[in-house]
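K.L.:
Next comes the structure file input-v8.txt, holding compact mmCIF, C-alpha atoms.
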# COMPACT_ATOMS: atom_id res chain seq x y z
CA MET Q 1 -35.91 17.24 -20.05
CA THR Q 2 -35.95 20.93 -20.97
CA GLU Q 3 -32.18 20.91 -21.12
CA PHE Q 4 -32.13 17.84 -23.35
CA LEU Q 5 -34.73 19.25 -25.76
CA SER Q 6 -32.96 22.64 -25.87
CA GLY Q 7 -29.68 20.97 -26.83
CA SER Q 8 -31.25 18.65 -29.40
CA SER Q 9 -30.32 19.25 -33.03
CA PHE Q 10 -33.51 17.83 -34.46
CA PHE Q 11 -36.31 18.54 -31.99
CA ALA Q 12 -37.03 22.05 -33.30
CA ILE Q 13 -37.38 20.97 -36.94
CA ALA Q 14 -39.47 17.89 -36.10
CA LEU Q 15 -41.74 20.03 -33.92
CA THR Q 16 -42.12 22.76 -36.56
CA LEU Q 17 -42.86 20.39 -39.44
CA LEU Q 18 -45.42 18.37 -37.50
CA ILE Q 19 -47.17 21.48 -36.16
CA TRP Q 20 -47.18 22.82 -39.73
CA ARG Q 21 -48.94 19.67 -40.87
CA LEU Q 22 -51.57 20.01 -38.15
CA SER Q 23 -52.09 23.68 -39.05
CA VAL Q 24 -52.58 22.87 -42.73
CA LEU Q 25 -55.11 20.16 -41.86
CA LEU Q 26 -56.89 22.53 -39.47
CA GLN Q 27 -57.32 25.15 -42.19
CA LYS Q 28 -58.49 22.54 -44.71
CA LYS Q 29 -61.08 21.24 -42.23
CA THR Q 30 -62.43 24.66 -41.23
CA GLY Q 31 -61.79 26.61 -44.42
CA SER Q 32 -61.16 29.70 -42.28
CA VAL Q 33 -58.83 32.48 -43.50
CA LEU Q 34 -57.96 33.33 -39.90
CA LEU Q 35 -56.63 29.87 -39.14
CA HIS Q 36 -53.71 30.48 -41.45
CA PRO Q 37 -50.98 27.78 -41.32
CA ILE Q 38 -48.17 30.30 -40.58
CA LEU Q 39 -50.19 31.97 -37.83
CA MET Q 40 -51.36 28.69 -36.26
CA SER Q 41 -47.88 27.10 -36.46
CA VAL Q 42 -46.30 30.14 -34.80
CA ILE Q 43 -48.85 30.11 -31.99
CA GLY Q 44 -48.43 26.33 -31.61
CA VAL Q 45 -44.64 26.55 -31.41
CA ILE Q 46 -44.72 29.49 -28.96
CA VAL Q 47 -47.16 27.65 -26.70
CA ILE Q 48 -44.95 24.55 -26.67
CA LEU Q 49 -41.80 26.60 -26.02
CA LEU Q 50 -43.49 28.39 -23.11
CA CYS Q 51 -44.87 25.13 -21.67
CA THR Q 52 -41.59 23.21 -21.91
CA GLY Q 53 -39.40 26.17 -20.97
CA ILE Q 54 -37.21 25.80 -24.06
CA PRO Q 55 -35.72 29.26 -24.74
CA ASN Q 56 -36.40 30.85 -28.12
CA SER Q 57 -32.64 31.09 -28.76
CA ALA Q 58 -32.33 27.29 -28.55
CA TYR Q 59 -35.32 26.85 -30.86
CA GLN Q 60 -33.83 29.32 -33.36
CA LYS Q 61 -30.52 27.48 -33.28
CA GLY Q 62 -32.29 24.21 -34.07
CA MET Q 63 -34.13 25.90 -36.96
CA GLU Q 64 -30.97 27.39 -38.48
CA PRO Q 65 -30.76 24.97 -41.44
CA PHE Q 66 -34.31 25.97 -42.30
CA SER Q 67 -33.92 29.70 -41.82
CA TRP Q 68 -30.80 29.49 -43.92
CA LEU Q 69 -32.91 28.29 -46.89
CA ILE Q 70 -34.89 31.56 -47.00
CA THR Q 71 -32.20 33.25 -49.13
CA PRO Q 72 -31.95 30.62 -51.93
CA ALA Q 73 -35.75 30.20 -51.87
CA THR Q 74 -36.16 33.94 -52.45
CA VAL Q 75 -33.63 33.78 -55.31
CA CYS Q 76 -35.87 31.12 -56.92
CA LEU Q 77 -38.67 33.70 -57.30
CA ALA Q 78 -36.71 34.69 -60.43
CA VAL Q 79 -38.18 31.63 -62.21
CA PRO Q 80 -41.91 32.55 -62.02
CA LEU Q 81 -40.82 36.12 -62.71
CA TYR Q 82 -39.10 35.05 -65.92
CA GLU Q 83 -42.01 32.83 -66.98
CA GLN Q 84 -44.33 35.85 -66.88
CA VAL Q 85 -41.82 38.27 -68.42
CA LYS Q 86 -44.21 39.18 -71.27
CA VAL Q 87 -47.02 40.13 -68.89
CA LEU Q 88 -44.56 42.07 -66.75
CA LYS Q 89 -43.07 43.97 -69.67
CA LYS Q 90 -46.46 44.94 -71.00
CA ASN Q 91 -47.62 46.15 -67.60
CA LEU Q 92 -44.38 47.64 -66.34
CA PRO Q 93 -45.63 51.26 -66.16
CA ALA Q 94 -48.81 50.24 -64.29
CA ILE Q 95 -46.85 48.04 -61.85
CA CYS Q 96 -44.13 50.65 -61.27
CA LEU Q 97 -46.64 53.43 -60.63
CA GLY Q 98 -48.58 51.23 -58.20
CA VAL Q 99 -45.41 50.23 -56.34
CA PHE Q 100 -44.19 53.83 -56.20
CA CYS Q 101 -47.47 55.20 -54.82
CA GLY Q 102 -47.78 52.25 -52.40
CA THR Q 103 -44.22 52.66 -51.08
CA LEU Q 104 -44.69 56.39 -50.61
CA THR Q 105 -48.00 55.75 -48.82
CA SER Q 106 -46.30 53.28 -46.48
CA ILE Q 107 -43.49 55.69 -45.56
CA LEU Q 108 -45.74 58.74 -45.11
CA CYS Q 109 -48.38 56.78 -43.22
CA VAL Q 110 -45.85 55.35 -40.75
CA ALA Q 111 -44.22 58.76 -40.32
CA GLY Q 112 -47.58 60.45 -39.73
CA LEU Q 113 -48.80 57.86 -37.22
CA CYS Q 114 -45.46 57.93 -35.35
CA LEU Q 115 -45.87 61.68 -35.01
CA LEU Q 116 -49.47 61.26 -33.89
CA PHE Q 117 -48.54 58.64 -31.27
CA GLY Q 118 -45.55 60.69 -30.11
CA MET Q 119 -42.98 57.97 -30.82
CA ASP Q 120 -39.32 58.86 -30.45
CA ARG Q 121 -36.84 59.06 -33.31
CA THR Q 122 -35.37 55.58 -32.75
CA MET Q 123 -38.81 53.96 -32.84
CA THR Q 124 -39.91 55.97 -35.91
CA VAL Q 125 -36.79 55.00 -37.87
CA SER Q 126 -37.25 51.36 -36.83
CA LEU Q 127 -40.83 51.33 -38.10
CA LEU Q 128 -40.36 53.26 -41.39
CA PRO Q 129 -39.17 50.35 -43.60
CA LYS Q 130 -41.89 47.96 -42.36
CA SER Q 131 -43.27 46.99 -45.78
CA VAL Q 132 -40.08 45.66 -47.40
CA THR Q 133 -38.15 42.42 -47.18
CA SER Q 134 -36.46 42.08 -43.78
CA ALA Q 135 -32.80 42.25 -44.87
CA ILE Q 136 -33.35 45.59 -46.66
CA GLY Q 137 -35.55 46.92 -43.87
CA ALA Q 138 -33.13 46.03 -41.09
CA SER Q 139 -30.13 47.67 -42.76
CA VAL Q 140 -32.10 50.82 -43.69
CA SER Q 141 -33.32 51.11 -40.10
CA GLU Q 142 -29.91 50.46 -38.51
CA GLY Q 143 -28.26 52.86 -40.95
CA LEU Q 144 -30.41 55.66 -39.53
CA GLY Q 145 -29.97 54.63 -35.91
CA GLY Q 146 -33.02 52.38 -35.55
CA LEU Q 147 -33.30 48.97 -33.88
CA GLY Q 148 -32.90 46.21 -36.47
CA SER Q 149 -34.65 43.59 -34.35
CA VAL Q 150 -37.76 45.78 -33.89
CA THR Q 151 -37.78 46.44 -37.64
CA VAL Q 152 -37.63 42.73 -38.45
CA ALA Q 153 -40.44 42.05 -35.97
CA VAL Q 154 -42.84 44.59 -37.53
CA ILE Q 155 -41.81 43.49 -41.04
CA ILE Q 156 -42.84 39.93 -40.24
CA VAL Q 157 -46.15 41.02 -38.71
CA THR Q 158 -46.79 43.14 -41.83
CA GLY Q 159 -46.05 40.18 -44.11
CA ILE Q 160 -48.33 37.87 -42.16
CA LEU Q 161 -51.13 40.48 -42.24
CA GLY Q 162 -50.88 40.69 -46.03
CA ASN Q 163 -50.70 36.93 -46.39
CA VAL Q 164 -53.65 36.21 -44.09
CA PHE Q 165 -55.98 39.10 -44.97
CA GLY Q 166 -54.94 39.67 -48.61
CA GLN Q 167 -57.96 37.95 -50.09
CA VAL Q 168 -60.34 39.73 -47.73
CA MET Q 169 -58.79 43.07 -48.75
CA TYR Q 170 -59.12 42.24 -52.47
CA ARG Q 171 -62.84 41.85 -51.96
CA LEU Q 172 -63.21 44.84 -49.67
CA PHE Q 173 -61.28 47.21 -51.97
CA ARG Q 174 -62.59 45.62 -55.19
CA ILE Q 175 -59.14 44.77 -56.54
CA HIS Q 176 -60.10 42.13 -59.13
CA ASP Q 177 -57.34 42.56 -61.68
CA PRO Q 178 -54.58 39.88 -61.28
CA VAL Q 179 -51.77 42.37 -62.05
CA ALA Q 180 -53.12 44.82 -59.47
CA GLN Q 181 -53.54 41.99 -56.94
CA GLY Q 182 -49.87 41.06 -57.34
CA THR Q 183 -48.76 44.70 -57.04
CA ALA Q 184 -50.76 45.21 -53.84
CA MET Q 185 -49.35 42.06 -52.23
CA GLY Q 186 -45.69 42.52 -53.21
CA THR Q 187 -45.62 46.23 -52.32
CA SER Q 188 -47.31 45.91 -48.94
CA ALA Q 189 -46.31 42.45 -47.70
CA HIS Q 190 -42.97 41.53 -49.38
CA VAL Q 191 -41.88 37.85 -49.55
CA ILE Q 192 -44.38 36.55 -46.99
CA GLY Q 193 -47.27 38.10 -48.96
CA THR Q 194 -45.75 36.86 -52.21
CA THR Q 195 -46.01 33.24 -51.04
CA LYS Q 196 -49.79 33.81 -50.95
CA ALA Q 197 -49.76 35.52 -54.36
CA ASN Q 198 -47.92 32.48 -55.78
CA GLU Q 199 -50.69 30.21 -54.49
CA MET Q 200 -53.34 32.43 -56.09
CA GLY Q 201 -51.97 32.36 -59.61
CA GLU Q 202 -48.94 32.65 -61.85
CA ILE Q 203 -49.59 36.27 -62.79
CA GLN Q 204 -50.23 37.36 -59.20
CA GLY Q 205 -47.08 35.54 -58.05
CA ALA Q 206 -44.80 36.99 -60.72
CA VAL Q 207 -46.13 40.55 -60.33
CA SER Q 208 -45.84 40.28 -56.55
CA SER Q 209 -42.20 39.12 -56.84
CA LEU Q 210 -41.38 42.02 -59.15
CA SER Q 211 -43.20 44.48 -56.87
CA LEU Q 212 -41.34 43.36 -53.76
CA VAL Q 213 -38.01 43.86 -55.53
CA ILE Q 214 -38.93 47.35 -56.81
CA ALA Q 215 -40.46 48.33 -53.45
CA GLY Q 216 -37.37 47.11 -51.60
CA VAL Q 217 -34.90 49.01 -53.75
CA LEU Q 218 -37.11 52.11 -53.81
CA THR Q 219 -37.41 52.07 -50.01
CA ALA Q 220 -33.63 51.74 -49.63
CA PHE Q 221 -33.29 54.96 -51.67
CA LEU Q 222 -36.32 56.89 -50.41
CA ILE Q 223 -36.11 56.50 -46.63
CA PRO Q 224 -32.57 57.92 -46.23
CA LEU Q 225 -33.63 60.76 -48.56
CA LEU Q 226 -36.92 61.52 -46.81
CA ALA Q 227 -35.77 60.90 -43.23
CA PRO Q 228 -34.30 64.39 -42.69
CA LEU Q 229 -37.61 65.93 -43.82
CA ILE Q 230 -39.76 63.63 -41.68
CA LEU Q 231 -37.79 63.54 -38.45
CA MET L 1 -31.11 9.60 -61.99
CA THR L 2 -33.66 12.23 -61.06
CA VAL L 3 -32.12 12.82 -57.63
CA MET L 4 -28.85 13.77 -59.30
CA LYS L 5 -30.77 16.11 -61.60
CA TYR L 6 -32.33 17.87 -58.59
CA LEU L 7 -28.94 18.15 -56.93
CA TYR L 8 -27.56 19.76 -60.08
CA GLN L 9 -30.52 22.16 -60.07
CA ALA L 10 -29.87 23.01 -56.43
CA GLY L 11 -26.23 23.61 -57.32
CA ILE L 12 -27.22 26.24 -59.89
CA ILE L 13 -29.59 27.91 -57.40
CA PHE L 14 -26.90 28.02 -54.71
CA LEU L 15 -24.39 29.39 -57.24
CA PHE L 16 -26.69 32.37 -57.90
CA THR L 17 -27.35 32.76 -54.17
CA PHE L 18 -23.57 32.88 -53.68
CA LEU L 19 -23.14 35.43 -56.48
CA GLY L 20 -25.85 37.51 -54.80
CA GLU L 21 -23.92 37.26 -51.55
CA VAL L 22 -20.76 38.47 -53.31
CA LEU L 23 -22.59 41.49 -54.77
CA SER L 24 -24.26 42.39 -51.47
CA ARG L 25 -20.84 42.43 -49.75
CA MET L 26 -19.15 44.41 -52.55
CA ILE L 27 -21.82 47.07 -53.06
CA PRO L 28 -22.23 49.34 -50.03
CA PHE L 29 -25.99 49.69 -50.33
CA PRO L 30 -28.58 47.85 -48.25
CA ILE L 31 -29.65 45.33 -50.88
CA PRO L 32 -29.43 41.78 -49.46
CA ALA L 33 -27.97 38.70 -51.13
CA ALA L 34 -31.46 37.31 -51.79
CA ILE L 35 -32.48 40.31 -53.93
CA TRP L 36 -29.19 40.47 -55.85
CA GLY L 37 -29.37 36.70 -56.42
CA LEU L 38 -32.96 36.99 -57.66
CA LEU L 39 -31.97 39.76 -60.10
CA LEU L 40 -28.87 37.88 -61.32
CA LEU L 41 -30.82 34.65 -61.90
CA PHE L 42 -33.56 36.61 -63.69
CA LEU L 43 -30.92 38.25 -65.90
CA ALA L 44 -29.28 34.86 -66.64
CA LEU L 45 -32.71 33.46 -67.63
CA CYS L 46 -33.42 36.47 -69.88
CA LEU L 47 -30.00 36.16 -71.55
CA ARG L 48 -30.63 32.39 -71.91
CA LEU L 49 -27.45 31.52 -70.02
CA ILE L 50 -29.74 29.31 -67.93
CA ARG L 51 -32.93 27.63 -69.15
CA THR L 52 -35.89 27.26 -66.79
CA GLU L 53 -35.78 23.46 -67.30
CA GLN L 54 -32.35 23.43 -65.68
CA ILE L 55 -33.78 24.63 -62.35
CA ARG L 56 -37.53 24.04 -62.53
CA GLU L 57 -38.18 21.23 -60.00
CA SER L 58 -35.77 22.44 -57.31
CA SER L 59 -36.94 26.05 -57.56
CA THR L 60 -40.60 25.01 -57.42
CA PHE L 61 -39.79 22.98 -54.31
CA LEU L 62 -38.00 25.85 -52.55
CA ILE L 63 -40.74 28.37 -53.39
CA ALA L 64 -43.39 26.00 -52.03
CA LEU L 65 -41.29 25.69 -48.86
CA LEU L 66 -41.11 29.45 -48.23
CA PRO L 67 -44.18 29.81 -45.96
CA VAL L 68 -42.84 27.04 -43.66
CA LEU L 69 -39.44 28.72 -43.55
CA PHE L 70 -41.01 31.88 -42.10
CA VAL L 71 -42.42 30.10 -39.04
CA ALA L 72 -39.14 30.24 -37.09
CA PRO L 73 -38.36 33.96 -37.64
CA THR L 74 -41.95 34.74 -36.64
CA VAL L 75 -41.65 32.74 -33.42
CA SER L 76 -38.88 35.20 -32.42
CA LEU L 77 -41.63 37.81 -32.06
CA MET L 78 -42.34 36.36 -28.61
CA GLU L 79 -39.17 38.08 -27.41
CA HIS L 80 -40.15 41.48 -28.77
CA VAL L 81 -43.64 41.53 -27.33
CA THR L 82 -42.23 42.26 -23.86
CA ALA L 83 -39.68 44.75 -25.22
CA LEU L 84 -42.39 46.68 -27.09
CA LEU L 85 -45.00 46.37 -24.35
CA GLY L 86 -45.11 50.10 -23.53
CA SER L 87 -45.87 51.23 -27.06
CA LEU L 88 -47.57 48.01 -28.18
CA PRO L 89 -51.14 49.30 -28.84
CA GLY L 90 -49.76 52.20 -30.89
CA VAL L 91 -47.44 49.94 -32.86
CA ILE L 92 -50.26 47.50 -33.62
CA VAL L 93 -52.60 50.27 -34.86
CA LEU L 94 -49.75 51.71 -36.93
CA VAL L 95 -48.75 48.40 -38.51
CA VAL L 96 -52.33 47.38 -39.37
CA LEU L 97 -53.36 50.80 -40.70
CA SER L 98 -50.26 51.40 -42.82
CA THR L 99 -50.31 47.87 -44.26
CA VAL L 100 -53.97 48.14 -45.28
CA LEU L 101 -53.45 51.62 -46.80
CA THR L 102 -50.33 50.54 -48.72
CA PHE L 103 -52.18 47.49 -50.04
CA LEU L 104 -55.15 49.64 -51.08
CA VAL L 105 -53.10 52.36 -52.80
CA ALA L 106 -50.72 50.01 -54.66
CA GLY L 107 -53.57 47.79 -55.86
CA ARG L 108 -55.99 50.54 -56.86
CA VAL L 109 -53.35 52.64 -58.67
CA THR L 110 -52.20 49.69 -60.77
CA GLN L 111 -55.79 48.63 -61.43
CA SER L 112 -56.85 52.10 -62.61
CA VAL L 113 -53.80 52.45 -64.90
CA ARG L 114 -54.60 49.04 -66.41
CA LYS L 115 -58.24 50.02 -66.92
CA LYS L 116 -57.20 53.13 -68.80
CA THR L 117 -54.75 51.30 -71.07
CA GLY L 118 -57.07 48.35 -71.81
CA GLU L 119 -57.98 45.45 -69.57
CA ASP L 120 -56.25 42.41 -71.14
CA VAL L 121 -53.30 40.70 -69.46
Show this structure as structure tokens.

P.N.:
Amino acid sequence: MTEFLSGSSFFAIALTLLIWRLSVLLQKKTGSVLLHPILMSVIGVIVILLCTGIPNSAYQKGMEPFSWLITPATVCLAVPLYEQVKVLKKNLPAICLGVFCGTLTSILCVAGLCLLFGMDRTMTVSLLPKSVTSAIGASVSEGLGGLGSVTVAVIIVTGILGNVFGQVMYRLFRIHDPVAQGTAMGTSAHVIGTTKANEMGEIQGAVSSLSLVIAGVLTAFLIPLLAPLIL
Amino acid sequence: MTVMKYLYQAGIIFLFTFLGEVLSRMIPFPIPAAIWGLLLLFLALCLRLIRTEQIRESSTFLIALLPVLFVAPTVSLMEHVTALLGSLPGVIVLVVLSTVLTFLVAGRVTQSVRKKTGEDV
């Protein structure tokens, strides 16, 4: 049975889509922020993989057509970006300054905590680019001798944190302005956070998309520059 | 036929994804195909080489799909939990703290600049 399911081309996608549906219904029913569809689906899939003994590698292989769509779907963020180009242009200095300060905070905060926790160089380098989109983060980390897979793992956790707790943080930190909300999400939680920003509103979504691009490019420049000073 | 229209829209989106892929291979800097593609498509929209109507439905569909697409990469975390086990508590504190601080700083800085220059969007 396990062998058959592991080799199946369609089991993984069917499983994921149906668990997704259940997770969406669960959140609708309870209205809880914590029962986020991504979080619940991931837990659901992991539980089923562990129970059936299907290895993650087989599941990932089955999900390839889906994972492959992440790149074109990210490219599509250009459309909401363009539709809000007037708002973006008008607020460009405010957005850029927010992204710059946020990116610097992320790098310095990770560096400081790594020092505090006594993490080695490899681990520190792997954690530094944790706020940017995974493809940028992984190559920055590997370029400095970090572990790409660890980087991608923390990047995803970061994104999910932003996505799930974003609205709680807006309230807690009194970030009411839609442009500032988008900047916070895109700078701290990249594409995964941006999917939440898109659900919140057109301005939030567009600003978040722009912020994730600026933060990504900035990080690719800043980390190799700052690494010799930090490490 | 609307289906054909959506296929044509998808064709344009994949063309820009491909162009992004070309740039990311040619330019030796860690910017992935997705970011180059996003920038190229944005540029093409600004220069009116492409109109939003030419890609609207398919791009809306793909963007709405994004959260589902991230389920599989996140499931891979199950493999790293054991690898990171030794430093796991530290890593968790670090990830949570730095994410919250980054969120706070980016949001508050932008908000205060916007307050100074006048509130309207």

K.L.:
Show me a table, sorted first by chain and then by increasing residue number, of the residues of chain Q having an atom at most 7 Å from chain L, each with its shortest atom pair and the distance in Å to one decimal, counting all atoms listed in the file and written as a tab-separated table.

P.N.:
residue	atom	partner	partner_atom	distance
Q:Ile38	CA	L:Val71	CA	6.0
Q:Ser41	CA	L:Val71	CA	6.7
Q:Val42	CA	L:Val75	CA	5.5
Q:Ile46	CA	L:Val75	CA	6.3
Q:Asn56	CA	L:Ser76	CA	6.6
Q:Gln60	CA	L:Ala72	CA	6.6
Q:Met63	CA	L:Ala72	CA	6.6
Q:Phe66	CA	L:Leu69	CA	6.0
Q:Ser67	CA	L:Leu69	CA	5.9
Q:Ile70	CA	L:Leu69	CA	6.4
Q:Thr71	CA	L:Ala34	CA	4.9
Q:Pro72	CA	L:Thr17	CA	5.5
Q:Ala73	CA	L:Leu62	CA	4.9
Q:Thr74	CA	L:Ala34	CA	5.8
Q:Val75	CA	L:Leu38	CA	4.0
Q:Cys76	CA	L:Ser59	CA	5.2
Q:Leu77	CA	L:Leu38	CA	6.6
Q:Ala78	CA	L:Phe42	CA	4.9
Q:Val79	CA	L:Thr52	CA	6.7
Q:Tyr82	CA	L:Phe42	CA	6.2
Q:Val87	CA	L:Val121	CA	6.3
Q:Ala94	CA	L:Thr110	CA	4.9
Q:Ile95	CA	L:Thr110	CA	5.7
Q:Leu97	CA	L:Thr110	CA	6.7
Q:Gly98	CA	L:Ala106	CA	4.3
Q:Val99	CA	L:Ala106	CA	5.6
Q:Cys101	CA	L:Ala106	CA	6.1
Q:Gly102	CA	L:Ala106	CA	4.3
Q:Thr103	CA	L:Thr102	CA	6.9
Q:Thr105	CA	L:Thr102	CA	5.7
Q:Ser106	CA	L:Thr102	CA	5.4
Q:Cys109	CA	L:Ser98	CA	5.7
Q:Val110	CA	L:Ser98	CA	6.3
Q:Leu113	CA	L:Leu94	CA	6.2
Q:Phe117	CA	L:Gly90	CA	6.6
Q:Ala135	CA	L:Pro32	CA	5.7
Q:Ile136	CA	L:Pro30	CA	5.5
Q:Ser139	CA	L:Pro30	CA	5.7
Q:Val140	CA	L:Pro30	CA	6.5
Q:Ala153	CA	L:Leu77	CA	5.9
Q:Ile156	CA	L:Thr74	CA	6.4
Q:Thr158	CA	L:Thr99	CA	6.4
Q:Phe173	CA	L:Leu104	CA	6.7
Q:Ile175	CA	L:Gly107	CA	6.4
Q:Asp177	CA	L:Gln111	CA	6.3
Q:Ala180	CA	L:Gly107	CA	4.7
Q:Gln181	CA	L:Gly107	CA	5.9
Q:Thr183	CA	L:Gly107	CA	5.8
Q:Ala184	CA	L:Gly107	CA	4.3
Q:Met185	CA	L:Phe103	CA	6.5
Q:Thr187	CA	L:Ala106	CA	6.8
Q:Ser188	CA	L:Phe103	CA	5.2
Q:Ile192	CA	L:Pro67	CA	6.8
Q:Thr195	CA	L:Pro67	CA	6.4
Q:Val213	CA	L:Ile35	CA	6.8
Q:Ala220	CA	L:Pro30	CA	6.5

K.L.:
Under the rule that only C-alpha atoms are counted, which of Q:Gly44, Q:Gly137, Q:Gly118, Q:Pro80 is the nearest residue to Q:Ser209?

P.N.:
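Closest to Q:Ser209, using only C-alpha atoms: Q:Pro80.
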
K.L.:
For atom CA of Q:Gln84 and atom CA of Q:Leu104, determine how far apart the two atoms are, in Å to one decimal place.

P.N.:
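These two atoms are separated by 26.2 Å.
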
K.L.:
Rounded to one decimal in Å, what is the spacing between atom CA of Q:Leu229 and atom CA of Q:Val132?

P.N.:
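So the answer is 20.7 Å.
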
K.L.:
Would you kindly identify which residues have an atom no farther than 10 Å from (-41.7, 54.9, -44.3), using all atoms listed in the file and the file's own coordinates, and write them out as a CSV table (one decimal) with C-alpha atoms, keeping the file's coordinate frame?

P.N.:
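Below you can see point.csv, which holds the result:
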chain,number,residue,atom,x,y,z
Q,103,THR,CA,-44.2,52.7,-51.1
Q,104,LEU,CA,-44.7,56.4,-50.6
Q,105,THR,CA,-48.0,55.8,-48.8
Q,106,SER,CA,-46.3,53.3,-46.5
Q,107,ILE,CA,-43.5,55.7,-45.6
Q,108,LEU,CA,-45.7,58.7,-45.1
Q,109,CYS,CA,-48.4,56.8,-43.2
Q,110,VAL,CA,-45.8,55.4,-40.8
Q,111,ALA,CA,-44.2,58.8,-40.3
Q,112,GLY,CA,-47.6,60.4,-39.7
Q,124,THR,CA,-39.9,56.0,-35.9
Q,125,VAL,CA,-36.8,55.0,-37.9
Q,126,SER,CA,-37.2,51.4,-36.8
Q,127,LEU,CA,-40.8,51.3,-38.1
Q,128,LEU,CA,-40.4,53.3,-41.4
Q,129,PRO,CA,-39.2,50.4,-43.6
Q,130,LYS,CA,-41.9,48.0,-42.4
Q,131,SER,CA,-43.3,47.0,-45.8
Q,132,VAL,CA,-40.1,45.7,-47.4
Q,219,THR,CA,-37.4,52.1,-50.0
Q,222,LEU,CA,-36.3,56.9,-50.4
Q,223,ILE,CA,-36.1,56.5,-46.6
Q,224,PRO,CA,-32.6,57.9,-46.2
Q,226,LEU,CA,-36.9,61.5,-46.8
Q,227,ALA,CA,-35.8,60.9,-43.2
Q,230,ILE,CA,-39.8,63.6,-41.7
L,98,SER,CA,-50.3,51.4,-42.8

K.L.:
Between atom CA of Q:Leu115 and atom CA of Q:Leu231, what is the distance in Å, rounded to a tenth?

P.N.:
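It comes out at 9.0 Å.
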
K.L.:
Within 12 Å of Q:Lys196, counting only C-alpha atoms, which residues qualify if same-chain residues fewer than 2 places away don't, as number ranges by chain?

P.N.:
Q: 33, 36-38, 159-167, 181-182, 184-186, 189-194, 198-202, 204-206, 208-209; L: 63-67

K.L.:
Enclose the full set of atoms of stretch 51-64 of chain L listed in the file within a box whose edges lie along x, y and z, apply 3 Å of padding to each of the six sides, and report centre and edge lengths in Å to one decimal as AutoDock Vina command-line options.

P.N.:
--center_x -37.9 --center_y 24.8 --center_z -60.6 --size_x 17.0 --size_y 13.1 --size_z 23.1
